[in-house]
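Asks: The file below is data.cif, mmCIF, C-alpha atoms and all ligand atoms:
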data_work
#
loop_
_atom_site.label_atom_id
_atom_site.label_comp_id
_atom_site.auth_asym_id
_atom_site.auth_seq_id
_atom_site.Cartn_x
_atom_site.Cartn_y
_atom_site.Cartn_z
CA MET K 6 74.37 157.61 97.81
CA ARG K 7 71.77 157.39 100.55
CA LEU K 8 71.56 154.01 102.31
CA ASP K 9 68.70 153.13 104.66
CA VAL K 10 68.68 149.91 106.68
CA ILE K 11 65.61 148.87 108.67
CA SER K 12 66.17 146.15 111.29
CA ILE K 13 65.08 145.01 114.76
CA PHE K 14 68.79 144.66 115.52
CA PRO K 15 70.25 148.04 114.43
CA GLU K 16 73.34 147.38 116.53
CA TYR K 17 74.10 144.51 114.14
CA LEU K 18 74.92 147.13 111.52
CA GLN K 19 77.36 149.01 113.76
CA PRO K 20 80.43 147.65 111.88
CA LEU K 21 79.30 149.72 108.90
CA SER K 22 80.43 152.79 110.85
CA LEU K 23 83.99 151.45 110.83
CA SER K 24 86.78 151.57 108.26
CA LEU K 25 86.23 152.72 104.68
CA ILE K 26 82.45 152.85 104.83
CA GLY K 27 82.47 154.76 108.10
CA ARG K 28 84.95 157.25 106.67
CA ALA K 29 82.86 157.63 103.51
CA ALA K 30 79.85 158.35 105.70
CA GLU K 31 81.83 160.96 107.67
CA GLU K 32 82.96 162.55 104.40
CA GLY K 33 79.40 162.68 103.10
CA ILE K 34 80.04 160.28 100.21
CA LEU K 35 77.54 157.92 101.84
CA ASP K 36 74.46 158.95 103.82
CA LEU K 37 73.95 155.85 105.99
CA ASN K 38 70.82 155.62 108.15
CA VAL K 39 69.99 152.60 110.31
CA THR K 40 66.45 152.47 111.70
CA ASN K 41 64.97 150.22 114.39
CA LEU K 42 61.75 148.67 113.12
CA ARG K 43 60.43 148.62 116.71
CA ASP K 44 60.36 152.42 116.62
CA PHE K 45 57.37 151.99 114.30
CA THR K 46 55.30 149.91 116.73
CA GLU K 47 52.63 151.43 118.99
CA ASP K 48 52.14 148.81 121.71
CA LYS K 49 54.05 148.77 124.94
CA HIS K 50 55.78 145.50 124.00
CA ARG K 51 56.91 146.97 120.63
CA LYS K 52 55.61 143.81 118.96
CA VAL K 53 56.86 143.11 115.42
CA ASP K 54 55.87 139.47 114.87
CA ASP K 55 52.88 137.17 115.14
CA THR K 56 51.84 133.60 114.34
CA PRO K 57 51.59 132.60 110.66
CA TYR K 58 48.20 132.26 108.96
CA GLY K 59 47.91 128.67 107.76
CA GLY K 60 49.85 127.44 110.77
CA GLY K 61 53.42 126.20 110.86
CA ALA K 62 56.40 126.77 113.09
CA GLY K 63 57.90 130.16 113.84
CA MET K 64 56.59 133.69 113.61
CA VAL K 65 56.02 136.14 110.77
CA MET K 66 56.91 139.85 110.83
CA MET K 67 53.72 141.92 111.03
CA PRO K 68 52.94 144.25 108.11
CA GLU K 69 52.01 147.47 109.90
CA PRO K 70 55.37 148.33 111.50
CA TRP K 71 56.99 147.75 108.11
CA GLY K 72 54.39 149.89 106.37
CA ARG K 73 55.08 152.77 108.75
CA ALA K 74 58.88 152.31 108.51
CA LEU K 75 58.81 152.32 104.70
CA ASP K 76 56.50 155.35 104.66
CA ALA K 77 59.00 157.14 106.90
CA VAL K 78 61.80 156.41 104.44
CA ARG K 79 59.71 157.49 101.45
CA PRO K 80 56.25 159.00 102.01
CA ALA K 81 53.55 157.83 99.60
CA ASP K 82 53.31 161.34 98.08
CA ALA K 83 57.07 161.69 97.51
CA GLN K 84 58.17 162.87 94.07
CA GLY K 85 61.20 161.86 92.07
CA PRO K 86 62.66 158.44 91.18
CA LYS K 87 61.69 155.48 93.34
CA PRO K 88 64.43 154.22 95.67
CA THR K 89 65.48 150.60 95.30
CA LEU K 90 64.30 148.41 98.19
CA ILE K 91 66.46 145.34 98.69
CA VAL K 92 64.71 142.61 100.63
CA PRO K 93 67.34 140.08 101.74
CA SER K 94 65.78 136.64 101.28
CA PRO K 95 66.88 133.06 100.55
CA ALA K 96 64.20 133.19 97.86
CA GLY K 97 65.78 136.17 96.15
CA ARG K 98 67.93 136.77 93.08
CA VAL K 99 71.50 135.74 93.95
CA PHE K 100 73.77 138.70 94.69
CA ASP K 101 76.93 138.87 92.62
CA GLN K 102 79.50 141.40 91.46
CA GLN K 103 77.38 142.41 88.47
CA MET K 104 74.50 143.24 90.80
CA ALA K 105 76.91 145.17 93.04
CA TYR K 106 77.94 147.30 90.05
CA GLU K 107 74.29 147.87 89.11
CA LEU K 108 73.23 148.84 92.63
CA ALA K 109 76.27 151.12 93.07
CA GLU K 110 74.72 153.33 90.39
CA GLU K 111 71.59 153.94 92.47
CA GLU K 112 71.00 157.21 94.33
CA HIS K 113 69.05 155.66 97.20
CA LEU K 114 69.14 152.06 98.45
CA VAL K 115 66.89 150.78 101.23
CA PHE K 116 67.45 147.41 102.93
CA ALA K 117 64.61 145.68 104.81
CA CYS K 118 66.09 143.11 107.21
CA GLY K 119 63.64 140.29 107.85
CA ARG K 120 63.80 137.98 110.84
CA TYR K 121 61.82 134.98 112.07
CA GLU K 122 60.14 133.16 109.14
CA GLY K 123 60.07 136.31 107.08
CA ILE K 124 58.06 139.46 106.45
CA ASP K 125 54.30 139.39 105.64
CA GLU K 126 54.23 139.19 101.83
CA ARG K 127 51.78 142.11 101.60
CA VAL K 128 54.60 144.42 102.69
CA VAL K 129 56.56 143.59 99.54
CA ASP K 130 53.43 144.20 97.47
CA TYR K 131 52.75 147.52 99.26
CA ALA K 132 56.38 148.60 98.87
CA ARG K 133 56.20 148.23 95.08
CA GLU K 134 54.01 151.38 95.05
CA ASN K 135 56.94 153.52 96.18
CA PHE K 136 60.06 151.44 95.63
CA ASN K 137 61.72 149.28 93.04
CA VAL K 138 61.66 146.09 95.09
CA ILE K 139 64.33 143.38 94.63
CA PRO K 140 64.41 140.27 96.85
CA VAL K 141 68.12 139.31 97.02
CA SER K 142 69.88 136.21 98.35
CA ILE K 143 73.55 136.02 99.26
CA GLY K 144 73.62 132.26 98.91
CA ASP K 145 72.04 128.90 99.55
CA TYR K 146 72.46 128.35 103.29
CA VAL K 147 70.50 129.04 106.44
CA LEU K 148 70.77 132.43 108.15
CA ASN K 149 68.72 133.80 111.03
CA GLY K 150 67.99 137.09 109.35
CA GLY K 151 68.87 139.63 106.72
CA GLU K 152 71.36 141.76 108.68
CA VAL K 153 74.43 139.71 107.77
CA ALA K 154 73.37 139.76 104.12
CA VAL K 155 73.02 143.54 104.25
CA MET K 156 76.56 143.83 105.64
CA VAL K 157 77.86 141.78 102.71
CA MET K 158 75.91 143.73 100.12
CA VAL K 159 76.65 147.19 101.54
CA GLU K 160 80.39 146.47 101.60
CA ALA K 161 80.39 145.07 98.05
CA ILE K 162 78.32 147.99 96.73
CA ALA K 163 79.80 150.90 98.71
CA ARG K 164 83.40 150.09 97.75
CA LEU K 165 82.46 150.67 94.10
CA ILE K 166 81.30 154.23 94.77
CA PRO K 167 83.92 156.82 93.76
CA GLY K 168 85.86 158.11 96.76
CA VAL K 169 85.03 155.25 99.10
CA ILE K 170 88.24 153.26 98.66
CA GLY K 171 91.61 154.97 98.48
CA ASN K 172 92.98 153.29 95.36
CA PRO K 173 90.42 153.15 92.52
CA GLU K 174 93.09 151.38 90.43
CA SER K 175 92.36 148.15 92.30
CA LEU K 176 88.75 148.36 91.13
CA VAL K 177 89.92 148.62 87.52
CA GLU K 178 92.04 145.45 87.91
CA GLU K 179 89.10 143.60 89.50
CA SER K 180 86.79 144.62 86.70
CA HIS K 181 89.14 143.05 84.08
CA SER K 182 89.44 139.73 85.88
CA ASP K 183 86.01 139.30 87.40
CA VAL K 184 85.60 135.96 85.56
CA LEU K 185 88.75 134.45 87.07
CA LEU K 186 89.55 134.00 90.76
CA GLU K 187 92.29 136.17 92.23
CA TYR K 188 95.93 135.05 92.01
CA PRO K 189 97.94 134.15 95.16
CA VAL K 190 99.76 137.06 96.81
CA TYR K 191 103.04 137.17 98.78
CA THR K 192 105.03 139.67 100.81
CA LYS K 193 108.25 139.77 102.86
CA PRO K 194 110.10 137.71 103.98
CA ALA K 195 111.07 135.93 100.72
CA SER K 196 111.68 132.75 102.74
CA TRP K 197 109.31 131.86 105.58
CA ARG K 198 109.42 128.64 107.60
CA GLY K 199 111.01 126.82 104.68
CA ARG K 200 108.53 128.18 102.18
CA GLU K 201 109.77 130.41 99.34
CA VAL K 202 108.06 133.16 97.37
CA PRO K 203 107.79 132.02 93.69
CA GLU K 204 111.07 133.06 92.03
CA VAL K 205 109.32 134.83 89.18
CA LEU K 206 107.92 137.42 91.61
CA LEU K 207 111.37 138.36 92.86
CA GLY K 208 112.90 139.05 89.45
CA GLY K 209 111.08 142.26 88.49
CA ASN K 210 110.19 141.07 84.98
CA HIS K 211 106.67 142.53 84.74
CA GLN K 212 105.71 140.48 81.69
CA ARG K 213 106.72 137.24 83.40
CA VAL K 214 104.96 138.31 86.62
CA GLY K 215 101.79 139.07 84.66
CA ARG K 216 101.85 135.68 82.93
CA PHE K 217 102.53 133.88 86.23
CA ARG K 218 99.59 135.60 87.88
CA ARG K 219 97.26 134.91 84.97
CA ASP K 220 98.29 131.27 84.90
CA GLU K 221 97.61 131.01 88.63
CA GLN K 222 94.20 132.60 88.15
CA ILE K 223 93.29 130.11 85.43
CA LYS K 224 94.58 127.13 87.47
CA ARG K 225 92.71 128.25 90.58
CA THR K 226 89.49 128.96 88.76
CA ALA K 227 89.57 125.65 86.87
CA ALA K 228 90.24 123.79 90.14
CA ARG K 229 87.91 125.65 92.50
CA ARG K 230 85.21 127.20 90.32
CA PRO K 231 84.92 125.30 87.04
CA ASP K 232 81.38 126.70 86.88
CA LEU K 233 82.89 130.08 86.08
CA ILE K 234 84.76 128.96 83.03
CA THR K 235 84.48 126.19 80.42
CA GLN K 236 87.41 124.39 78.82
CA MET K 237 86.77 126.49 75.74
CA ASP K 238 87.16 129.64 77.82
CA VAL K 239 90.51 128.36 79.16
CA GLN K 240 91.76 127.90 75.61
CA SER K 241 90.53 131.33 74.55
CA LEU K 242 92.00 132.88 77.71
CA ASN K 243 95.34 131.24 76.96
CA ARG K 244 95.16 132.32 73.32
CA ARG K 245 94.28 135.90 74.30
CA ASP K 246 97.23 136.05 76.70
CA ARG K 247 99.62 134.56 74.13
CA ASP K 248 98.60 137.25 71.64
CA ALA K 249 98.84 140.00 74.25
N1 LIG K 301 68.78 131.82 104.88
C1 LIG K 301 69.18 132.86 104.05
C2 LIG K 301 69.99 132.59 102.95
C3 LIG K 301 70.39 133.60 102.11
C4 LIG K 301 70.00 134.91 102.37
N2 LIG K 301 70.31 136.05 101.66
C5 LIG K 301 69.80 137.14 102.15
S1 LIG K 301 68.88 136.86 103.56
C6 LIG K 301 69.18 135.17 103.49
C7 LIG K 301 68.78 134.15 104.33
#
Would you give me this structure, written as structure tokens?
Ligand SMILES: Nc1ccc2ncsc2c1

Replies:
Amino acid sequence: MRLDVISIFPEYLQPLSLSLIGRAAEEGILDLNVTNLRDFTEDKHRKVDDTPYGGGAGMVMMPEPWGRALDAVRPADAQGPKPTLIVPSPAGRVFDQQMAYELAEEEHLVFACGRYEGIDERVVDYARENFNVIPVSIGDYVLNGGEVAVMVMVEAIARLIPGVIGNPESLVEESHSDVLLEYPVYTKPASWRGREVPEVLLGGNHQRVGRFRRDEQIKRTAARRPDLITQMDVQSLNRRDRDA
């Protein structure tokens, strides 16, 4: 997969060169390119923003640098399938694991990191000529720009690409339990500051361990994320486990 990120703070994306994603890039599994939007300005101040039409506080990102940056990623006369352009935005479709799976299937993802009050809307309209454009939010809170959201999305997407993480088995387990929250985990020592590892995990009975973990998942999800399951689901989940 080719990944392009366009930002006025390319150094913000440096952590992507670390760990699993960095290794995947070194091994050629990922082709990660981070571009500085200011490289597509032509004035000596490398200006990327201006005051908003209609007034209001803050500044808006100018269209022309974005137009040039997007053209550099995919020229207007390029052939072949359109890349997917993700525009991180609080007004976007909320990113979730299903979207991560979908985007992990793409050959070429481009991320346009907005700052200030956002990017001139005509850029999104222009981009639709050469990209499949998806505004995407990572949640309902205030951020200063799209870079942090891109870090979240790139990690969630890249780890699903074959060869990026060492143990693909863990992906299989996640895919079966993506409705329920993860169960609690423990490691040595068995007794720590007066706190014991649940006895069932020490006994080696895999069936009992599996039931314990499932029960913990259901309890946690019901307590912390009731929006993910309904009472009916809990009954069906219990019934399915009993029959397993
Ligand atoms: N403020 C805010 C909230 C969510 C979000 N997702 C991508 S950029 C962004 C910005």

Asks: For region 133-145 of chain K, find every residue with an atom within 12 Å (counting all atoms listed in the file), except residues of its own chain fewer than 4 positions away, and show them as JSON, numbers by chain.

Replies: {"K": [72, 75, 76, 77, 78, 79, 80, 81, 82, 83, 84, 85, 86, 87, 88, 89, 90, 91, 92, 93, 94, 95, 96, 97, 98, 99, 100, 101, 102, 104, 105, 108, 111, 113, 114, 115, 116, 117, 118, 119, 123, 124, 126, 127, 128, 129, 150, 151, 152, 153, 154, 155, 156, 157, 158, 159, 161]}

Asks: Pick from K:Val205, K:Val169, K:Gly215, K:Arg229: nearest to Gly33 (chain K), with only C-alpha atoms counted?

Replies: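 So, comparing all the options, the nearest one is K:Val169.
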
Asks: With distances taken over all atoms listed in the file, which residue among K:Gln222, K:Arg120, K:Arg28, K:Leu207 lies nearest Asp54 (chain K)?

Replies: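 Between K:Gln222, K:Arg120, K:Arg28, K:Leu207, the residue approaching Asp54 (chain K) most closely is K:Arg120.
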
Asks: Expressed in Å to a single decimal, how great is the separation between CA of Asn243 (chain K) and CA of Arg213 (chain K)?

Replies: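 CA of Arg213 (chain K) lies 14.4 Å from CA of Asn243 (chain K).
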
Asks: As lines of an AutoDock Vina configuration file, please report the centre and edge lengths, rounded to one decimal in Å, of the axis-aligned box that holds all listed atoms of ligand LIG 301 (chain K) with 8 Å of padding on each of the six sides.

Replies:
center_x = 69.6
center_y = 134.5
center_z = 103.3
size_x = 17.6
size_y = 21.3
size_z = 19.2

Asks: In Å, with one decimal, what is the gap from CA of Leu233 (chain K) to CA of Leu186 (chain K)?

Replies: 9.0 Å

Asks: Which polymer residues, whether protein, DNA or RNA, lie within 6 Å of the coordinate (64.3, 145.7, 111.5) when you count all atoms listed in the file? List them as a compact mmCIF listing (two decimals) with C-alpha atoms, in the coordinates of the input, using the chain letters and numbers from the file.

Replies:
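Generated output (selection-v6.txt):
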# COMPACT_ATOMS: atom_id res chain seq x y z
CA ILE K 11 65.61 148.87 108.67
CA SER K 12 66.17 146.15 111.29
CA ILE K 13 65.08 145.01 114.76
CA ASN K 41 64.97 150.22 114.39
CA LEU K 42 61.75 148.67 113.12
CA CYS K 118 66.09 143.11 107.21

Asks: May I ask which of the residues K:Glu110, K:Glu204, K:Asp125, K:Asp44 is the closest one to Phe14 (chain K), counting all atoms listed in the file?

Replies: K:Asp44

Asks: Quick one: residues within 12 Å of Glu32 (chain K), all atoms listed in the file counted, chain neighbours fewer than 4 positions away excluded, as number ranges by chain?

Replies: K: 6, 22, 25-28, 36-37, 168-169

Asks: One decimal, in Å: what's the spacing between CA of Arg73 (chain K) and CA of Thr46 (chain K)?

Replies: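 Separation between CA of Arg73 (chain K) and CA of Thr46 (chain K): 8.5 Å.
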
Asks: Might you pull out every residue within 9 Å of Phe45 (chain K), with only C-alpha atoms counted and same-chain residues fewer than 5 positions away left off, and present them as a list in words?

Replies: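 Counting only the stated atoms, we get Arg51, Val53, Glu69, Pro70, Trp71, Gly72, Arg73 and Ala74 of chain K.
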
Asks: What would the list of residues within 7 Å of (74.9, 160.6, 96.8) (file frame) look like as a PyMOL selection string, if only C-alpha atoms are what count?

Replies: chain K and resi 6-7+34-35+112

Asks: Counting only C-alpha atoms and all ligand atoms, figure out which residue out of K:Gln103, K:Thr235, K:Asn38, K:Asn149 gets nearest to ligand LIG 301 (chain K).

Replies: K:Asn149

Asks: My list of candidates is K:Pro68, K:Gly171, K:Glu221, K:Ala109. Which is closest to Asp130 (chain K) when distances are computed with all atoms listed in the file?

Replies: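 Checking each of K:Pro68, K:Gly171, K:Glu221, K:Ala109 against Asp130 (chain K), counting all atoms listed in the file, the winner is K:Pro68.
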
Asks: Output file request: region 147-163 of chain K, with N, CA, C and O atoms, as an mmCIF file, in the first residue's frame.

Replies:
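Contents of result_13.cif, freshly written:
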data_model
loop_
_atom_site.group_PDB
_atom_site.id
_atom_site.type_symbol
_atom_site.label_atom_id
_atom_site.label_comp_id
_atom_site.auth_asym_id
_atom_site.auth_seq_id
_atom_site.Cartn_x
_atom_site.Cartn_y
_atom_site.Cartn_z
ATOM 1 N N VAL K 147 -12.401 18.460 20.453
ATOM 2 C CA VAL K 147 -11.699 19.506 19.709
ATOM 3 C C VAL K 147 -10.220 19.130 19.531
ATOM 4 O O VAL K 147 -9.549 18.749 20.494
ATOM 5 N N LEU K 148 -9.771 19.170 18.284
ATOM 6 C CA LEU K 148 -8.339 18.994 17.997
ATOM 7 C C LEU K 148 -7.863 20.232 17.261
ATOM 8 O O LEU K 148 -8.662 20.989 16.721
ATOM 9 N N ASN K 149 -6.560 20.405 17.175
ATOM 10 C CA ASN K 149 -6.029 21.583 16.474
ATOM 11 C C ASN K 149 -5.778 21.318 15.002
ATOM 12 O O ASN K 149 -5.520 22.227 14.228
ATOM 13 N N GLY K 150 -5.823 20.034 14.634
ATOM 14 C CA GLY K 150 -5.563 19.723 13.232
ATOM 15 C C GLY K 150 -5.737 18.242 12.967
ATOM 16 O O GLY K 150 -6.026 17.473 13.870
ATOM 17 N N GLY K 151 -5.493 17.863 11.737
ATOM 18 C CA GLY K 151 -5.742 16.484 11.333
ATOM 19 C C GLY K 151 -4.602 15.510 11.564
ATOM 20 O O GLY K 151 -4.794 14.302 11.435
ATOM 21 N N GLU K 152 -3.417 16.011 11.948
ATOM 22 C CA GLU K 152 -2.241 15.125 12.031
ATOM 23 C C GLU K 152 -2.433 14.000 13.045
ATOM 24 O O GLU K 152 -2.121 12.835 12.763
ATOM 25 N N VAL K 153 -2.973 14.342 14.214
ATOM 26 C CA VAL K 153 -3.168 13.310 15.247
ATOM 27 C C VAL K 153 -4.153 12.248 14.746
ATOM 28 O O VAL K 153 -3.952 11.052 14.931
ATOM 29 N N ALA K 154 -5.189 12.715 14.057
ATOM 30 C CA ALA K 154 -6.184 11.782 13.506
ATOM 31 C C ALA K 154 -5.545 10.865 12.477
ATOM 32 O O ALA K 154 -5.831 9.667 12.429
ATOM 33 N N VAL K 155 -4.638 11.398 11.682
ATOM 34 C CA VAL K 155 -3.961 10.568 10.675
ATOM 35 C C VAL K 155 -3.119 9.510 11.362
ATOM 36 O O VAL K 155 -3.097 8.340 10.950
ATOM 37 N N MET K 156 -2.452 9.876 12.461
ATOM 38 C CA MET K 156 -1.647 8.885 13.197
ATOM 39 C C MET K 156 -2.531 7.728 13.670
ATOM 40 O O MET K 156 -2.197 6.554 13.534
ATOM 41 N N VAL K 157 -3.693 8.082 14.204
ATOM 42 C CA VAL K 157 -4.625 7.055 14.688
ATOM 43 C C VAL K 157 -5.060 6.154 13.535
ATOM 44 O O VAL K 157 -4.982 4.921 13.607
ATOM 45 N N MET K 158 -5.472 6.780 12.447
ATOM 46 C CA MET K 158 -6.009 5.998 11.325
ATOM 47 C C MET K 158 -4.927 5.161 10.650
ATOM 48 O O MET K 158 -5.147 3.973 10.352
ATOM 49 N N VAL K 159 -3.746 5.729 10.454
ATOM 50 C CA VAL K 159 -2.682 4.961 9.791
ATOM 51 C C VAL K 159 -2.306 3.751 10.631
ATOM 52 O O VAL K 159 -2.135 2.639 10.109
ATOM 53 N N GLU K 160 -2.229 3.906 11.946
ATOM 54 C CA GLU K 160 -1.886 2.743 12.790
ATOM 55 C C GLU K 160 -2.977 1.675 12.696
ATOM 56 O O GLU K 160 -2.693 0.498 12.472
ATOM 57 N N ALA K 161 -4.241 2.112 12.806
ATOM 58 C CA ALA K 161 -5.348 1.145 12.795
ATOM 59 C C ALA K 161 -5.444 0.421 11.448
ATOM 60 O O ALA K 161 -5.760 -0.773 11.398
ATOM 61 N N ILE K 162 -5.147 1.142 10.371
ATOM 62 C CA ILE K 162 -5.249 0.565 9.020
ATOM 63 C C ILE K 162 -4.022 -0.300 8.705
ATOM 64 O O ILE K 162 -4.148 -1.462 8.301
ATOM 65 N N ALA K 163 -2.828 0.274 8.936
ATOM 66 C CA ALA K 163 -1.597 -0.414 8.517
ATOM 67 C C ALA K 163 -1.445 -1.762 9.209
ATOM 68 O O ALA K 163 -0.990 -2.738 8.597
#
